[in-house]
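Novice: Contents of coords-v7.cif (mmCIF, C-alpha atoms) are given next:
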data_coords
#
loop_
_atom_site.group_PDB
_atom_site.id
_atom_site.type_symbol
_atom_site.label_atom_id
_atom_site.label_comp_id
_atom_site.auth_asym_id
_atom_site.auth_seq_id
_atom_site.Cartn_x
_atom_site.Cartn_y
_atom_site.Cartn_z
ATOM 1 C CA MET A 1 94.002 113.108 72.554
ATOM 2 C CA SER A 2 90.337 112.271 72.078
ATOM 3 C CA ALA A 3 89.073 108.811 72.924
ATOM 4 C CA LYS A 4 87.933 108.261 69.326
ATOM 5 C CA LEU A 5 91.371 109.143 67.919
ATOM 6 C CA PHE A 6 93.070 106.964 70.524
ATOM 7 C CA LYS A 7 90.853 103.972 69.595
ATOM 8 C CA THR A 8 91.563 104.506 65.894
ATOM 9 C CA ILE A 9 95.308 104.594 66.468
ATOM 10 C CA ALA A 10 95.087 101.513 68.708
ATOM 11 C CA ALA A 11 93.119 99.616 66.046
ATOM 12 C CA LEU A 12 95.779 100.375 63.430
ATOM 13 C CA THR A 13 98.717 99.482 65.668
ATOM 14 C CA PRO A 14 100.036 95.898 65.461
ATOM 15 C CA VAL A 15 99.155 93.688 68.417
ATOM 16 C CA SER A 16 102.790 93.255 69.500
ATOM 17 C CA ILE A 17 103.279 97.026 69.812
ATOM 18 C CA ARG A 18 99.975 97.373 71.701
ATOM 19 C CA GLN A 19 101.101 94.638 74.092
ATOM 20 C CA ILE A 20 104.403 96.386 74.786
ATOM 21 C CA ALA A 21 102.712 99.770 75.218
ATOM 22 C CA ALA A 22 100.064 98.345 77.553
ATOM 23 C CA ARG A 23 102.711 96.720 79.698
ATOM 24 C CA TRP A 24 104.733 99.889 80.188
ATOM 25 C CA TYR A 25 102.267 102.761 79.756
ATOM 26 C CA PRO A 26 101.017 103.687 83.219
ATOM 27 C CA LEU A 27 97.312 103.537 83.926
ATOM 28 C CA ARG A 28 95.691 106.607 85.363
ATOM 29 C CA PRO A 29 95.124 106.058 89.096
ATOM 30 C CA ARG A 30 91.492 105.502 90.016
ATOM 31 C CA SER A 31 91.743 108.392 92.468
ATOM 32 C CA LEU A 32 91.905 110.827 89.518
ATOM 33 C CA SER A 33 88.495 109.766 88.243
ATOM 34 C CA PRO A 34 85.771 112.418 88.529
ATOM 35 C CA TYR A 35 83.489 109.680 89.874
ATOM 36 C CA VAL A 36 85.637 109.055 92.984
ATOM 37 C CA THR A 37 84.774 110.748 96.281
ATOM 38 C CA ASP A 38 85.580 110.140 99.937
ATOM 39 C CA LEU A 39 89.040 108.818 99.094
ATOM 40 C CA ARG A 40 91.169 107.435 101.930
ATOM 41 C CA ARG A 41 94.757 106.206 101.544
ATOM 42 C CA HIS A 42 96.525 103.779 103.860
ATOM 43 C CA THR A 43 100.154 102.724 103.769
ATOM 44 C CA ILE A 44 100.238 98.996 104.450
ATOM 45 C CA GLN A 45 104.003 98.624 104.298
ATOM 46 C CA GLU A 46 106.759 100.202 102.241
ATOM 47 C CA TYR A 47 105.662 100.492 98.564
ATOM 48 C CA VAL A 48 102.213 99.071 99.373
ATOM 49 C CA ARG A 49 99.033 101.086 99.825
ATOM 50 C CA LEU A 50 95.290 100.632 99.995
ATOM 51 C CA GLU A 51 92.773 103.211 98.797
ATOM 52 C CA THR A 52 89.077 103.092 99.658
ATOM 53 C CA TYR A 53 86.511 105.395 98.083
ATOM 54 C CA TRP A 54 82.956 105.849 96.873
ATOM 55 C CA LEU A 55 82.183 105.507 93.165
ATOM 56 C CA SER A 56 79.247 107.520 91.898
ATOM 57 C CA GLU A 57 77.186 107.071 88.725
ATOM 58 C CA PRO A 58 77.680 106.023 85.949
ATOM 59 C CA ILE A 59 80.382 103.616 87.150
ATOM 60 C CA GLY A 60 78.788 102.675 90.465
ATOM 61 C CA PRO A 61 77.281 103.599 92.717
ATOM 62 C CA GLY A 62 78.991 101.849 95.554
ATOM 63 C CA PRO A 63 82.050 101.481 97.743
ATOM 64 C CA ALA A 64 85.292 100.486 96.051
ATOM 65 C CA ALA A 65 88.957 99.901 96.841
ATOM 66 C CA SER A 66 92.294 99.656 95.053
ATOM 67 C CA PHE A 67 95.409 97.853 96.254
ATOM 68 C CA TYR A 68 98.694 99.228 94.894
ATOM 69 C CA ILE A 69 102.226 97.909 94.911
ATOM 70 C CA PHE A 70 104.907 100.277 93.560
ATOM 71 C CA ASP A 71 102.034 102.474 92.281
ATOM 72 C CA ASP A 72 100.750 99.578 90.145
ATOM 73 C CA GLU A 73 97.108 98.724 90.843
ATOM 74 C CA VAL A 74 97.214 94.961 91.359
ATOM 75 C CA LEU A 75 93.665 94.571 92.726
ATOM 76 C CA ARG A 76 90.549 96.693 92.339
ATOM 77 C CA PHE A 77 87.221 95.942 94.017
ATOM 78 C CA ASP A 78 83.877 97.460 92.976
ATOM 79 C CA CYS A 79 81.248 96.398 95.509
ATOM 80 C CA PHE A 80 77.990 97.514 93.905
ATOM 81 C CA GLY A 81 75.646 94.748 95.003
ATOM 82 C CA GLY A 82 73.210 92.882 92.775
ATOM 83 C CA THR A 83 74.914 91.512 89.662
ATOM 84 C CA LYS A 84 77.215 94.514 89.133
ATOM 85 C CA GLY A 85 79.856 93.839 91.821
ATOM 86 C CA HIS A 86 83.227 92.751 90.460
ATOM 87 C CA PHE A 87 86.991 92.974 90.820
ATOM 88 C CA HIS A 88 90.076 93.260 88.616
ATOM 89 C CA ILE A 89 93.479 91.586 88.870
ATOM 90 C CA ASN A 90 96.729 93.088 87.544
ATOM 91 C CA ARG A 91 94.990 95.740 85.460
ATOM 92 C CA LYS A 92 98.115 97.053 83.758
ATOM 93 C CA GLN A 93 99.162 93.734 82.300
ATOM 94 C CA ALA A 94 95.593 92.677 81.444
ATOM 95 C CA ARG A 95 95.541 95.447 78.838
ATOM 96 C CA ALA A 96 98.343 93.668 76.933
ATOM 97 C CA PHE A 97 95.946 90.942 75.756
ATOM 98 C CA PRO A 98 94.022 91.881 72.602
ATOM 99 C CA GLY A 99 90.334 92.327 73.242
ATOM 100 C CA SER A 100 90.552 91.670 76.966
ATOM 101 C CA GLY A 101 90.947 95.285 77.933
ATOM 102 C CA ASP A 102 90.526 95.052 81.633
ATOM 103 C CA SER A 103 87.994 92.257 82.035
ATOM 104 C CA PRO A 104 86.319 92.105 85.437
ATOM 105 C CA LEU A 105 85.751 89.001 87.522
ATOM 106 C CA TYR A 106 82.211 89.151 88.894
ATOM 107 C CA PHE A 107 81.141 88.447 92.449
ATOM 108 C CA PRO A 108 78.148 86.119 92.875
ATOM 109 C CA PRO A 109 74.892 88.133 92.859
ATOM 110 C CA GLY A 110 74.281 89.530 96.305
ATOM 111 C CA THR A 111 74.221 92.538 98.554
ATOM 112 C CA THR A 112 76.798 95.281 98.721
ATOM 113 C CA THR A 113 77.783 93.970 102.159
ATOM 114 C CA GLY A 114 78.216 90.486 100.708
ATOM 115 C CA HIS A 115 80.434 91.891 97.955
ATOM 116 C CA ILE A 116 82.526 93.724 100.551
ATOM 117 C CA ASP A 117 83.018 90.450 102.451
ATOM 118 C CA GLN A 118 83.997 88.703 99.212
ATOM 119 C CA ALA A 119 86.453 91.503 98.365
ATOM 120 C CA CYS A 120 88.124 91.113 101.762
ATOM 121 C CA PHE A 121 88.410 87.364 101.177
ATOM 122 C CA GLU A 122 89.946 87.937 97.721
ATOM 123 C CA LEU A 123 92.449 90.438 99.124
ATOM 124 C CA TYR A 124 93.521 88.312 102.068
ATOM 125 C CA VAL A 125 93.500 84.869 100.437
ATOM 126 C CA ASN A 126 94.225 85.477 96.758
ATOM 127 C CA LEU A 127 96.679 88.388 96.777
ATOM 128 C CA PRO A 128 99.663 85.971 96.740
ATOM 129 C CA TYR A 129 98.383 84.469 93.470
ATOM 130 C CA CYS A 130 97.906 87.960 92.073
ATOM 131 C CA LEU A 131 101.508 88.812 92.925
ATOM 132 C CA ARG A 132 102.977 85.547 91.613
ATOM 133 C CA THR A 133 101.281 86.040 88.231
ATOM 134 C CA ASN A 134 102.219 89.699 87.788
ATOM 135 C CA ALA A 135 104.425 90.574 84.801
ATOM 136 C CA SER A 136 106.667 92.787 86.930
ATOM 137 C CA ARG A 137 109.529 90.953 88.643
ATOM 138 C CA ARG A 138 109.636 93.427 91.507
ATOM 139 C CA ILE A 139 105.919 92.882 92.176
ATOM 140 C CA ARG A 140 106.364 89.090 91.960
ATOM 141 C CA ASN A 141 109.161 89.387 94.515
ATOM 142 C CA MET A 142 107.171 91.568 96.915
ATOM 143 C CA ARG A 143 106.192 89.868 100.152
ATOM 144 C CA ILE A 144 103.301 91.302 102.105
ATOM 145 C CA GLN A 145 103.452 90.626 105.812
ATOM 146 C CA LYS A 146 100.435 88.483 106.776
ATOM 147 C CA ASP A 147 99.550 90.633 109.772
ATOM 148 C CA ARG A 148 99.698 93.770 107.595
ATOM 149 C CA LEU A 149 97.529 92.122 104.940
ATOM 150 C CA LYS A 150 94.966 91.090 107.550
ATOM 151 C CA GLU A 151 94.961 94.651 108.868
ATOM 152 C CA ALA A 152 94.472 95.989 105.309
ATOM 153 C CA ALA A 153 91.470 93.689 104.782
ATOM 154 C CA GLU A 154 89.958 94.842 108.084
ATOM 155 C CA ILE A 155 90.488 98.526 107.222
ATOM 156 C CA MET A 156 89.014 97.982 103.775
ATOM 157 C CA LYS A 157 85.944 96.259 105.187
ATOM 158 C CA ALA A 158 85.307 98.860 107.892
ATOM 159 C CA GLU A 159 85.665 101.833 105.555
ATOM 160 C CA MET A 160 83.605 100.312 102.757
ATOM 161 C CA LEU A 161 80.807 99.399 105.173
ATOM 162 C CA VAL A 162 80.738 102.975 106.475
ATOM 163 C CA LEU A 163 80.565 104.311 102.918
ATOM 164 C CA ALA A 164 77.793 101.852 101.998
ATOM 165 C CA GLU A 165 75.756 102.828 105.041
ATOM 166 C CA ARG A 166 76.314 106.576 104.692
ATOM 167 C CA LYS A 167 75.907 106.898 100.922
ATOM 168 C CA GLY A 168 74.079 103.769 99.832
#
Before anything else, please render the file you have as structure tokens.

Specialist:
Amino acid sequence: MSAKLFKTIAALTPVSIRQIAARWYPLRPRSLSPYVTDLRRHTIQEYVRLETYWLSEPIGPGPAASFYIFDDEVLRFDCFGGTKGHFHINRKQARAFPGSGDSPLYFPPGTTTGHIDQACFELYVNLPYCLRTNASRRIRNMRIQKDRLKEAAEIMKAEMLVLAERKG
């Protein structure tokens, strides 16, 4: 289905149906994007994984990461530096709100390295909030072991710094 046809159908569909569809229709994993290279996957604990990768133009360029629980992307970090760096929380459910699409939360203007540090902070400190506010009961009930979460943040930082140095 073409993007234009999809947008036309979406515009004609009542908000309540769009909200239901957005909640249950799976998002395409970021790893399937043609702009993703150098993808690395890490199992953090059962049903939890971290993916780090490089995003090329026109989305980036820069290092990025996605944090999945039960194959649902609950956090996404795009560390582009300048004023373009941002992250997303609970992408699947964010689409249920009319007009919000998948609104990013921007990092303060800074370097790519600064955005990577901020992303690690957001993952380690704010993931519990992200989980508690998720629409899925099984995600809300998921408990990430603190030592595993710290390890995930360290892996994410190390791999994103390597990507930034090698490709940036």

Novice: Which of these, A:Ala153, A:Met142, A:Arg95, A:Arg137, has the shortest distance to A:Val125 once you count only C-alpha atoms?

Specialist: A:Ala153

Novice: Please identify all polymer residues lying at most 12 Å from the point (89.8, 110.0, 89.8) (file coordinates), using all atoms listed in the file, and present the result as a compact mmCIF listing (two decimals) with C-alpha atoms, in the coordinates of the input.

Specialist:
# COMPACT_ATOMS: atom_id res chain seq x y z
CA LEU A 27 97.31 103.54 83.93
CA ARG A 28 95.69 106.61 85.36
CA PRO A 29 95.12 106.06 89.10
CA ARG A 30 91.49 105.50 90.02
CA SER A 31 91.74 108.39 92.47
CA LEU A 32 91.90 110.83 89.52
CA SER A 33 88.50 109.77 88.24
CA PRO A 34 85.77 112.42 88.53
CA TYR A 35 83.49 109.68 89.87
CA VAL A 36 85.64 109.06 92.98
CA THR A 37 84.77 110.75 96.28
CA ASP A 38 85.58 110.14 99.94
CA LEU A 39 89.04 108.82 99.09
CA GLU A 51 92.77 103.21 98.80
CA TYR A 53 86.51 105.40 98.08
CA TRP A 54 82.96 105.85 96.87
CA LEU A 55 82.18 105.51 93.16
CA SER A 56 79.25 107.52 91.90
CA ILE A 59 80.38 103.62 87.15
CA SER A 66 92.29 99.66 95.05

Novice: Just how far from atom CA of A:Tyr106 is atom CA of A:His86, in Å to one decimal?

Specialist: 4.1 Å

Novice: Could you pull the residues within 7 Å of stretch 131-135 of chain A, counting all atoms listed in the file, minus those fewer than 5 positions along the same chain, as a list in words?

Specialist: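 Once the nearby chain positions are removed, what remains is Asn90, Gln93 and Arg140 of chain A.
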
Novice: One number please: atom CA of A:Gly60 to atom CA of A:Glu73, in Å, one decimal.

Specialist: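 Interatomic distance, atom CA of A:Gly60 to atom CA of A:Glu73: 18.7 Å.
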
Novice: Atom CA of A:Phe67 and atom CA of A:His88, how far apart in Å?

Specialist: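 Here the two named atoms are 10.4 Å from each other.
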
Novice: Can you list what the PyMOL selection byres ((chain A and resi 83) around 12) grabs from this structure, as a ChimeraX atom specification?

Specialist: /A:60,78-82,84-86,105-112,114-115

Novice: Nearest to A:Arg138: which of A:Asp71, A:Glu57, A:Glu151, A:Glu122 is it, counting only C-alpha atoms?

Specialist: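 Looking only at the distances to A:Arg138, the closest residue turns out to be A:Asp71.
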
Novice: Please determine, counting all atoms listed in the file, which residue among A:Tyr124, A:Glu159, A:Gly62, A:Arg166 has the shortest atom-to-atom distance to A:Asp147.

Specialist: A:Tyr124

Novice: Step by step, gather every atom of stretch 26-35 of chain A that the file lists, find the box along x, y and z that holds them, add 8 Å on each side, and finally give centre and edge lengths in Å to one decimal, as JSON.

Specialist:
{"center_x": 92.3, "center_y": 108.0, "center_z": 87.8, "size_x": 33.5, "size_y": 24.9, "size_z": 25.2}

Novice: Name the residues in contact with A:Leu123 at a cut-off of 12 Å, using all atoms listed in the file, excluding same-chain residues fewer than 5 positions from it; report them as a PyMOL selection string.

Specialist: chain A and resi 50+65-68+74-77+87-89+116-118+128-131+144+146+148-157
